[in-house]
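Asker: Have a look at this one.
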Number of protein chains: 2
Amino acid sequence: MIVETRYVRFDSLPLDCGATLAPVDVAYETYGELNADKSNAILILHAFTGDAHAAGISRETGQPGWWDSMIGPGKAFDTDKYFVMCTNVLGGCRGTTGPSSINPATGKPYALEFPVITQADMVRLQKKFVDYLGIERLLAVAGGSMGAMQALQWAVDYPDAIASAIPIAGTWRHSAQQIAFNEVGRQAIMADPDWNEGNYYGGRPPARGLAVARMIGHITYMSDESMREKFGRRLRGKESFGFHFDIDFEVESYLRYRGTKFVDRFDANSYLYITKAMDYFDITNGRGSLVAALEKVTARFLVISFTSDWLYPSYQSQEIVNALRSLNRDVTYCELTSNYGHDAFLVDVAEQTEVVRGFLASTFREIQRRGTRRAIGPVPAVS
Amino acid sequence: MIVETRYVRFDSLPLDCGATLAPVDVAYETYGELNADKSNAILILHAFTGDAHAAGISRETGQPGWWDSMIGPGKAFDTDKYFVMCTNVLGGCRGTTGPSSINPATGKPYALEFPVITQADMVRLQKKFVDYLGIERLLAVAGGSMGAMQALQWAVDYPDAIASAIPIAGTWRHSAQQIAFNEVGRQAIMADPDWNEGNYYGGRPPARGLAVARMIGHITYMSDESMREKFGRRLRGKESFGFHFDIDFEVESYLRYRGTKFVDRFDANSYLYITKAMDYFDITNGRGSLVAALEKVTARFLVISFTSDWLYPSYQSQEIVNALRSLNRDVTYCELTSNYGHDAFLVDVAEQTEVVRGFLASTFREIQRRGTRRAIGPVPAVS
């Protein structure tokens, strides 16, 4: 399946901060065919550093998509049955407008002139894209990590526009620890003199700071156990400890490689803006309790978490499940056993595939039975 | 209790790497009185960034020692009964010879000319110090985190010189995850142009890189829960989200403050050398199994870990306990319940105090009963 990233330009997008961004480009890919009544559309929501290239082989780069194991013919998101879309998020650097895009007011990249953005802003742009395709109601929105936050945001902001939501390895608000890890990454970037208050475009990017930020990320994406299995205390290419601060251990080599490689594909200012948008994320947003925040939700939910994920621990998913159940919503929860930590939703997909496949099939059957124009919910709450 | 850090100079110290360091200064403090038969001496082993000022109020700075809650009259390490000592580690920057010390060969600070050091080297210097005081056998060696590694090293390298060992919140070898966190800290320091290949003495130190490294450390020292309790998602001094990458959340403010403050008291090259010495730590050191490595141990053990410590998780302490038990050694293990994560051994000391107090008292009684010159162990192993 050879795929191509495409682009669409929208005139403007109003933001939570009060500013309006104009124009706004969106990079996107689609897989499979939209059916006649437009009832088989699924929007995939990528994680922090992901992009629109979720599946297939890119015509430009020859690389498989970031969730190619989950999307395709016969896979969990079965492109023989469903029309699957993925867009790069607002604030990103992979084709959708972000801080590295040209600011029409100045003719130069926005850099820190880019406005503060939120998960709700990202979702508002995704909704614009779905409207542009003429799809009134999505069969599902689905994503892991930051994508899970957006799935929840969709369910709250556009209850009539989705039949189901699949938040995986996510949370309903960023915790102090999650904020802390992001903050250290931002500090590493901003400590790099090459960052230059965000004005590095056309010059040398803050490669060292960005690499350090990415290394921190990679540790949090893996588990103690998966790191032990992958690296243990194996030394790299030598028999004994090296001189000073060369690489001694394989895990060091891996982290440095991943850190350096990341610099080639990601913009440091996007790192700052998107992590802040995650840290700001709290679905209650002043509405008091989680239950109160989820009251308008009508979508069926499939919530998935992983046993060894310590960055987005299961209890955070379970709080979402409990709140939805207390509202008598239709929610399925699966805590999957995996040693792969937070990365599990990307790399340990056998069980996840079965669960998602079944959930989508039953949601699709239910929609067909009821007719596409009639909402499944809301189910009356038990008082 | 007003205390003063004192210093002693030794002619030389041979190191694991083959080099000899000469001379070597040791900064130390002592609390309480050594008894006539020198049977009441306890050596405290500090954690990564600690120093010799473990207890009392410093005459120079007016600050309490880092374990003042545990050491003093009537406390766990009761200075009415015991003679308690603490030295700054080899490679440190708080009075003991380290990379910021003057290299007699050049008249300038060692910087990266400082030789590679190990936990065993640090312990060898501690042994030299104990010999200097004329103490043949310590009642106990005790410490948390890196101090726990050294307690284990003492038990293996100098079995006749200690009656007991109290490793707290430690491990018998650094795991891939522990190495990874240290490596990111090192990378943050070395990415700072002010680091200048280690040659920053007399100039501007790599303050930004060192601060980032410290921030990472602080996250790993706390738990998800203790961070939530301490900070939650509270905003700092404002009603709503701020402009761009200013501080929004209290946890960000805390991390930046701790990062910046650390720079005033710690040397970046010491950070590099000491973290490497932790990463190299593996008590088996090529001796095959942990059981084989601990075969020569004769000391009684009190091993303590904390439920919420995810940096040095309980299973790592339990592996030490299991190995010692399989060798039929005298070992007590306590997993203490705490929300404070790895920091618990420093800040959540009520239960820890009871456990340590009882263990020291029974060890001291046993020594008195047998006479100081007779070793308690080894207990014959069950084959």
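Order determines the names: the first chain of the structure tokens is A, the second B, and so forth; residues in each chain are numbered 1 upward, and ligands are numbered 1 upward as they are shown.
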Counting only C-alpha atoms, a student should be able to say which residues of chain A come within 6 Å of chain B; what is the right answer, written as a PyMOL selection string?
Answerer: chain A and resi 176-177+191+208+224+227-228+232
Asker: Over all C-alpha pairs taken in sequence order, what does chain A look like after a least-squares fit onto chain B? Please give it as a compact mmCIF listing (two decimals) with C-alpha atoms, in the first residue's frame.
Answerer:
# COMPACT_ATOMS: atom_id res chain seq x y z
CA MET A 1 24.59 20.30 67.95
CA ILE A 2 27.01 22.61 66.11
CA VAL A 3 29.35 20.63 63.90
CA GLU A 4 32.33 21.30 61.73
CA THR A 5 33.62 19.51 58.66
CA ARG A 6 37.21 18.41 59.08
CA TYR A 7 39.78 17.21 56.61
CA VAL A 8 42.52 14.60 56.48
CA ARG A 9 45.10 14.01 53.75
CA PHE A 10 46.29 10.56 52.71
CA ASP A 11 49.44 10.05 50.66
CA SER A 12 47.84 7.99 47.94
CA LEU A 13 45.00 5.72 46.90
CA PRO A 14 45.28 2.92 44.32
CA LEU A 15 42.27 2.72 42.02
CA ASP A 16 40.47 -0.08 40.17
CA CYS A 17 41.47 1.46 36.85
CA GLY A 18 45.16 0.93 37.67
CA ALA A 19 45.99 4.57 38.37
CA THR A 20 47.04 5.88 41.76
CA LEU A 21 45.69 9.14 43.08
CA ALA A 22 48.12 11.12 45.25
CA PRO A 23 47.49 12.85 47.52
CA VAL A 24 43.85 12.31 48.51
CA ASP A 25 41.94 14.57 50.87
CA VAL A 26 38.89 13.40 52.75
CA ALA A 27 36.28 15.71 54.23
CA TYR A 28 34.52 14.20 57.24
CA GLU A 29 32.33 14.86 60.23
CA THR A 30 31.85 12.83 63.40
CA TYR A 31 29.09 12.88 66.00
CA GLY A 32 29.06 11.28 69.47
CA GLU A 33 31.93 9.65 71.29
CA LEU A 34 34.01 6.64 70.35
CA ASN A 35 33.93 4.19 73.29
CA ALA A 36 37.02 2.69 74.88
CA ASP A 37 37.06 -0.55 72.89
CA LYS A 38 36.07 1.26 69.68
CA SER A 39 33.08 -1.00 69.22
CA ASN A 40 30.38 1.65 68.72
CA ALA A 41 31.47 3.23 65.44
CA ILE A 42 29.04 3.62 62.56
CA LEU A 43 29.98 4.89 59.13
CA ILE A 44 27.23 6.72 57.22
CA LEU A 45 27.46 6.56 53.42
CA HIS A 46 25.89 9.43 51.55
CA ALA A 47 23.84 9.38 48.37
CA PHE A 48 24.91 10.77 45.00
CA THR A 49 25.05 14.50 45.73
CA GLY A 50 25.43 14.32 49.50
CA ASP A 51 28.42 15.32 51.56
CA ALA A 52 30.13 14.81 54.90
CA HIS A 53 27.65 17.08 56.67
CA ALA A 54 25.16 14.39 57.62
CA ALA A 55 23.91 15.71 60.96
CA GLY A 56 23.85 18.69 63.31
CA ILE A 57 24.06 22.34 62.37
CA SER A 58 27.04 23.39 60.29
CA ARG A 59 29.18 26.04 61.92
CA GLU A 60 30.01 27.46 58.49
CA THR A 61 26.58 27.50 56.85
CA GLY A 62 24.06 27.17 59.68
CA GLN A 63 22.39 24.37 57.69
CA PRO A 64 21.27 21.04 59.18
CA GLY A 65 22.91 17.86 57.87
CA TRP A 66 21.27 15.88 55.08
CA TRP A 67 20.26 13.04 57.46
CA ASP A 68 19.79 15.09 60.60
CA SER A 69 16.40 13.45 61.09
CA MET A 70 18.15 10.09 61.53
CA ILE A 71 21.39 11.00 63.36
CA GLY A 72 21.61 12.65 66.77
CA PRO A 73 20.83 12.16 70.45
CA GLY A 74 17.90 9.73 70.79
CA LYS A 75 17.52 9.37 67.02
CA ALA A 76 17.89 6.21 64.91
CA PHE A 77 21.67 6.55 64.85
CA ASP A 78 21.77 7.58 68.48
CA THR A 79 24.82 9.72 69.15
CA ASP A 80 24.36 9.19 72.89
CA LYS A 81 25.30 5.57 72.25
CA TYR A 82 27.19 5.45 69.00
CA PHE A 83 30.10 7.21 67.37
CA VAL A 84 28.81 8.21 63.94
CA MET A 85 31.02 9.30 61.03
CA CYS A 86 30.37 10.50 57.52
CA THR A 87 32.88 11.27 54.75
CA ASN A 88 32.41 12.96 51.41
CA VAL A 89 32.98 10.42 48.62
CA LEU A 90 35.98 10.17 46.34
CA GLY A 91 35.22 12.14 43.19
CA GLY A 92 32.98 14.54 45.11
CA CYS A 93 33.22 18.30 45.29
CA ARG A 94 32.58 18.92 48.97
CA GLY A 95 36.07 18.61 50.39
CA THR A 96 37.15 15.16 49.26
CA THR A 97 39.44 14.92 46.23
CA GLY A 98 37.57 15.00 42.96
CA PRO A 99 37.79 16.41 39.43
CA SER A 100 37.66 20.00 40.73
CA SER A 101 40.71 19.40 43.00
CA ILE A 102 44.17 20.56 42.01
CA ASN A 103 46.17 17.99 40.06
CA PRO A 104 49.67 18.19 41.59
CA ALA A 105 51.16 17.21 38.23
CA THR A 106 49.84 20.35 36.54
CA GLY A 107 48.93 22.76 39.32
CA LYS A 108 45.46 23.03 37.76
CA PRO A 109 42.16 21.28 38.50
CA TYR A 110 42.07 17.70 37.27
CA ALA A 111 38.92 18.18 35.17
CA LEU A 112 38.81 15.15 32.82
CA GLU A 113 42.38 14.19 33.78
CA PHE A 114 40.77 12.77 36.89
CA PRO A 115 40.88 8.96 36.64
CA VAL A 116 37.80 6.77 36.23
CA ILE A 117 36.52 5.77 39.67
CA THR A 118 34.22 3.06 41.00
CA GLN A 119 32.12 2.43 44.10
CA ALA A 120 34.88 0.07 45.25
CA ASP A 121 37.39 2.94 45.01
CA MET A 122 35.11 5.14 47.11
CA VAL A 123 34.83 2.38 49.69
CA ARG A 124 38.61 1.81 49.65
CA LEU A 125 39.08 5.45 50.62
CA GLN A 126 36.44 5.15 53.36
CA LYS A 127 38.33 2.12 54.71
CA LYS A 128 41.53 4.18 54.76
CA PHE A 129 39.70 6.81 56.78
CA VAL A 130 38.35 4.25 59.26
CA ASP A 131 41.85 2.77 59.63
CA TYR A 132 43.19 6.27 60.23
CA LEU A 133 40.81 6.57 63.21
CA GLY A 134 42.17 3.26 64.48
CA ILE A 135 38.81 1.49 64.23
CA GLU A 136 39.24 -2.17 63.36
CA ARG A 137 35.64 -3.12 63.05
CA LEU A 138 32.61 -0.94 62.48
CA LEU A 139 29.37 -1.63 64.26
CA ALA A 140 27.60 -0.73 61.03
CA VAL A 141 27.87 0.84 57.62
CA ALA A 142 24.61 2.44 56.53
CA GLY A 143 23.33 4.50 53.65
CA GLY A 144 20.58 5.07 51.13
CA SER A 145 20.68 5.02 47.33
CA MET A 146 24.37 5.15 46.30
CA GLY A 147 25.14 4.73 49.99
CA ALA A 148 23.38 1.37 49.85
CA MET A 149 25.64 0.26 47.01
CA GLN A 150 28.65 1.16 49.12
CA ALA A 151 27.27 -0.68 52.16
CA LEU A 152 27.09 -3.80 49.99
CA GLN A 153 30.59 -3.15 48.65
CA TRP A 154 31.91 -2.88 52.22
CA ALA A 155 30.33 -6.21 53.12
CA VAL A 156 31.97 -7.91 50.15
CA ASP A 157 35.40 -6.20 50.18
CA TYR A 158 35.96 -5.90 53.95
CA PRO A 159 33.91 -8.62 55.62
CA ASP A 160 36.04 -8.57 58.77
CA ALA A 161 35.77 -4.81 59.17
CA ILE A 162 31.99 -4.53 59.67
CA ALA A 163 29.56 -6.21 62.02
CA SER A 164 26.53 -5.10 60.06
CA ALA A 165 25.34 -3.35 56.92
CA ILE A 166 22.20 -1.28 56.34
CA PRO A 167 21.59 -0.71 52.62
CA ILE A 168 18.47 1.40 52.10
CA ALA A 169 16.63 1.99 48.81
CA GLY A 170 19.49 0.52 46.83
CA THR A 171 20.45 -2.14 44.36
CA TRP A 172 23.20 -4.68 43.71
CA ARG A 173 23.77 -3.46 40.18
CA HIS A 174 22.57 -0.50 38.15
CA SER A 175 19.80 -1.44 35.75
CA ALA A 176 19.46 -0.28 32.16
CA GLN A 177 16.81 2.21 33.26
CA GLN A 178 18.99 3.59 36.05
CA ILE A 179 21.92 3.90 33.63
CA ALA A 180 19.61 5.60 31.13
CA PHE A 181 18.49 8.30 33.57
CA ASN A 182 22.10 9.00 34.53
CA GLU A 183 23.16 9.07 30.89
CA VAL A 184 20.57 11.71 30.03
CA GLY A 185 21.83 13.85 32.89
CA ARG A 186 25.39 13.51 31.61
CA GLN A 187 24.29 14.35 28.08
CA ALA A 188 22.52 17.47 29.34
CA ILE A 189 25.76 18.62 31.01
CA MET A 190 27.99 17.77 28.07
CA ALA A 191 25.56 19.45 25.64
CA ASP A 192 26.11 22.75 27.44
CA PRO A 193 28.83 24.69 25.55
CA ASP A 194 30.01 26.06 28.90
CA TRP A 195 31.04 22.54 29.85
CA ASN A 196 33.91 22.97 27.38
CA GLU A 197 35.14 19.36 27.60
CA GLY A 198 35.31 19.72 31.36
CA ASN A 199 37.59 22.77 31.35
CA TYR A 200 35.35 25.40 32.89
CA TYR A 201 37.12 25.99 36.22
CA GLY A 202 37.80 29.66 36.71
CA GLY A 203 35.22 30.38 34.02
CA ARG A 204 31.48 29.95 33.65
CA PRO A 205 30.31 26.48 34.75
CA PRO A 206 27.77 24.56 32.61
CA ALA A 207 24.94 25.84 34.78
CA ARG A 208 22.09 25.24 32.34
CA GLY A 209 23.08 21.67 31.56
CA LEU A 210 23.68 20.85 35.21
CA ALA A 211 20.30 22.32 36.17
CA VAL A 212 18.53 20.17 33.56
CA ALA A 213 20.36 17.08 34.84
CA ARG A 214 19.25 17.87 38.37
CA MET A 215 15.62 18.36 37.31
CA ILE A 216 15.58 14.88 35.80
CA GLY A 217 16.98 13.57 39.06
CA HIS A 218 14.30 15.26 41.13
CA ILE A 219 11.50 13.69 39.11
CA THR A 220 12.98 10.25 39.69
CA TYR A 221 13.37 10.89 43.42
CA MET A 222 9.67 11.62 43.86
CA SER A 223 6.65 9.45 43.10
CA ASP A 224 3.66 10.13 40.86
CA GLU A 225 1.59 10.37 44.04
CA SER A 226 3.94 12.60 46.03
CA MET A 227 4.13 14.98 43.06
CA ARG A 228 0.35 15.06 42.84
CA GLU A 229 0.06 15.74 46.55
CA LYS A 230 2.73 18.41 46.52
CA PHE A 231 1.84 20.20 43.28
CA GLY A 232 -1.19 18.68 41.55
CA ARG A 233 -2.01 20.89 38.57
CA ARG A 234 -1.87 24.08 40.60
CA LEU A 235 -0.94 27.12 38.59
CA ARG A 236 1.71 29.41 39.91
CA GLY A 237 0.65 32.91 40.82
CA LYS A 238 -1.92 33.26 38.08
CA GLU A 239 -5.45 32.42 37.20
CA SER A 240 -4.94 30.90 33.79
CA PHE A 241 -2.31 29.63 31.41
CA GLY A 242 0.54 31.99 30.73
CA PHE A 243 2.26 33.24 27.66
CA HIS A 244 4.30 30.61 25.95
CA PHE A 245 7.05 29.00 27.94
CA ASP A 246 6.95 30.90 31.15
CA ILE A 247 6.20 28.90 34.23
CA ASP A 248 2.57 27.82 34.31
CA PHE A 249 2.50 25.08 36.90
CA GLU A 250 3.94 24.95 40.40
CA VAL A 251 5.80 21.76 39.59
CA GLU A 252 7.68 23.63 36.86
CA SER A 253 8.64 26.36 39.28
CA TYR A 254 9.84 23.81 41.83
CA LEU A 255 11.99 21.96 39.30
CA ARG A 256 13.57 25.13 37.94
CA TYR A 257 14.32 26.34 41.47
CA ARG A 258 15.90 23.04 42.51
CA GLY A 259 17.85 22.86 39.27
CA THR A 260 19.25 26.36 39.62
CA LYS A 261 20.04 26.01 43.30
CA PHE A 262 21.95 22.78 42.70
CA VAL A 263 24.41 24.59 40.47
CA ASP A 264 25.67 26.60 43.45
CA ARG A 265 26.70 23.55 45.41
CA PHE A 266 27.71 20.88 42.93
CA ASP A 267 30.43 20.46 40.36
CA ALA A 268 29.38 19.27 36.90
CA ASN A 269 32.43 17.04 36.43
CA SER A 270 31.74 15.38 39.80
CA TYR A 271 28.25 14.72 38.43
CA LEU A 272 29.76 12.91 35.46
CA TYR A 273 32.29 10.85 37.44
CA ILE A 274 29.99 9.82 40.27
CA THR A 275 27.07 8.85 38.02
CA LYS A 276 29.46 6.70 35.97
CA ALA A 277 30.69 5.07 39.18
CA MET A 278 27.05 4.22 39.95
CA ASP A 279 26.43 2.90 36.45
CA TYR A 280 29.53 0.69 36.63
CA PHE A 281 28.29 -0.73 39.91
CA ASP A 282 27.54 -4.45 39.73
CA ILE A 283 28.50 -6.27 42.91
CA THR A 284 28.93 -9.53 40.97
CA ASN A 285 31.70 -7.86 38.93
CA GLY A 286 32.23 -10.92 36.76
CA ARG A 287 31.82 -13.36 39.66
CA GLY A 288 28.81 -14.93 37.99
CA SER A 289 25.77 -14.97 40.26
CA LEU A 290 24.76 -12.62 43.05
CA VAL A 291 24.96 -15.53 45.47
CA ALA A 292 28.55 -16.21 44.44
CA ALA A 293 29.37 -12.53 44.82
CA LEU A 294 27.98 -12.41 48.37
CA GLU A 295 29.60 -15.64 49.57
CA LYS A 296 32.28 -13.88 51.64
CA VAL A 297 29.75 -11.66 53.41
CA THR A 298 29.66 -12.17 57.18
CA ALA A 299 27.86 -9.02 58.33
CA ARG A 300 24.32 -8.99 59.64
CA PHE A 301 22.09 -7.15 57.18
CA LEU A 302 19.15 -4.82 57.52
CA VAL A 303 17.77 -4.15 54.04
CA ILE A 304 15.11 -1.45 53.62
CA SER A 305 13.09 -0.43 50.57
CA PHE A 306 10.02 1.72 50.01
CA THR A 307 6.77 0.84 48.25
CA SER A 308 6.61 3.92 46.01
CA ASP A 309 10.32 4.04 45.09
CA TRP A 310 10.32 3.41 41.34
CA LEU A 311 13.95 4.51 40.83
CA TYR A 312 15.30 1.76 43.09
CA PRO A 313 12.28 -0.54 43.23
CA SER A 314 11.80 -3.01 46.07
CA TYR A 315 12.50 -6.03 43.87
CA GLN A 316 16.13 -4.95 43.64
CA SER A 317 16.48 -4.97 47.43
CA GLN A 318 14.60 -8.27 47.59
CA GLU A 319 17.11 -9.88 45.25
CA ILE A 320 19.86 -8.98 47.74
CA VAL A 321 17.79 -10.38 50.60
CA ASN A 322 17.06 -13.61 48.75
CA ALA A 323 20.70 -14.15 47.86
CA LEU A 324 21.82 -13.59 51.47
CA ARG A 325 19.10 -15.89 52.78
CA SER A 326 20.11 -18.62 50.36
CA LEU A 327 23.60 -18.29 51.91
CA ASN A 328 22.00 -18.58 55.35
CA ARG A 329 23.18 -15.12 56.39
CA ASP A 330 21.48 -13.08 59.10
CA VAL A 331 19.27 -10.66 57.18
CA THR A 332 16.26 -8.56 58.11
CA TYR A 333 14.19 -7.03 55.34
CA CYS A 334 11.64 -4.24 55.67
CA GLU A 335 9.59 -2.86 52.82
CA LEU A 336 8.22 0.33 54.29
CA THR A 337 5.01 1.90 53.05
CA SER A 338 5.54 5.43 51.83
CA ASN A 339 4.23 7.76 49.11
CA TYR A 340 7.48 9.69 48.92
CA GLY A 341 9.24 7.60 46.30
CA HIS A 342 13.01 7.31 46.44
CA ASP A 343 13.19 10.40 48.68
CA ALA A 344 11.45 8.41 51.42
CA PHE A 345 14.72 7.40 53.10
CA LEU A 346 15.44 11.10 53.60
CA VAL A 347 12.00 12.50 54.38
CA ASP A 348 9.74 9.73 55.71
CA VAL A 349 11.83 8.45 58.59
CA ALA A 350 9.39 7.53 61.39
CA GLU A 351 9.19 3.80 60.67
CA GLN A 352 12.74 3.69 59.34
CA THR A 353 13.90 5.09 62.67
CA GLU A 354 12.26 2.29 64.65
CA VAL A 355 13.66 -0.41 62.40
CA VAL A 356 17.21 0.96 62.36
CA ARG A 357 17.21 1.65 66.10
CA GLY A 358 16.20 -1.93 66.93
CA PHE A 359 18.65 -3.45 64.49
CA LEU A 360 21.60 -1.41 65.80
CA ALA A 361 20.72 -2.18 69.43
CA SER A 362 20.58 -5.93 68.83
CA THR A 363 23.79 -5.88 66.79
CA PHE A 364 25.55 -3.89 69.53
CA ARG A 365 24.30 -6.28 72.26
CA GLU A 366 25.49 -9.25 70.24
CA ILE A 367 28.94 -7.71 69.83
CA GLN A 368 29.20 -6.94 73.54
CA ARG A 369 28.15 -10.51 74.35
CA ARG A 370 30.67 -12.11 72.02
CA GLY A 371 33.47 -9.67 72.72
CA THR A 372 34.59 -7.17 70.16
CA ARG A 373 37.48 -9.20 68.83
CA ARG A 374 35.40 -12.17 67.82
CA ALA A 375 33.54 -11.96 64.54
CA ILE A 376 29.81 -12.66 64.57
CA GLY A 377 29.96 -14.65 61.39
CA PRO A 378 30.23 -16.31 59.11
CA VAL A 379 27.27 -18.54 59.75
CA PRO A 380 27.89 -21.90 58.02
CA ALA A 381 25.91 -22.09 54.83
CA VAL A 382 23.28 -24.80 54.45
CA SER A 383 24.33 -26.85 51.46
Asker: So which residues of stretch 41-248 of chain A fall under alpha helix (DSSP H) by DSSP, listed as a PyMOL selection string?
Answerer: chain A and resi 119-132+146-157+176-191+207-221+224-230
Asker: Could you find all residues in stretch 199-368 of chain B that DSSP calls strand (DSSP E) from the backbone, and write them as an mmCIF file with C-alpha atoms, in the first residue's frame?
Answerer:
data_model
loop_
_atom_site.group_PDB
_atom_site.id
_atom_site.type_symbol
_atom_site.label_atom_id
_atom_site.label_comp_id
_atom_site.auth_asym_id
_atom_site.auth_seq_id
_atom_site.Cartn_x
_atom_site.Cartn_y
_atom_site.Cartn_z
ATOM 1 C CA ARG B 300 24.316 -9.003 59.630
ATOM 2 C CA PHE B 301 22.079 -7.168 57.177
ATOM 3 C CA LEU B 302 19.150 -4.839 57.508
ATOM 4 C CA VAL B 303 17.769 -4.171 54.019
ATOM 5 C CA ILE B 304 15.115 -1.478 53.613
ATOM 6 C CA SER B 305 13.099 -0.449 50.555
ATOM 7 C CA PHE B 306 10.017 1.702 49.989
ATOM 8 C CA VAL B 331 19.280 -10.685 57.166
ATOM 9 C CA THR B 332 16.266 -8.580 58.088
ATOM 10 C CA TYR B 333 14.197 -7.051 55.321
ATOM 11 C CA CYS B 334 11.646 -4.260 55.652
ATOM 12 C CA GLU B 335 9.606 -2.881 52.794
ATOM 13 C CA LEU B 336 8.242 0.312 54.280
#
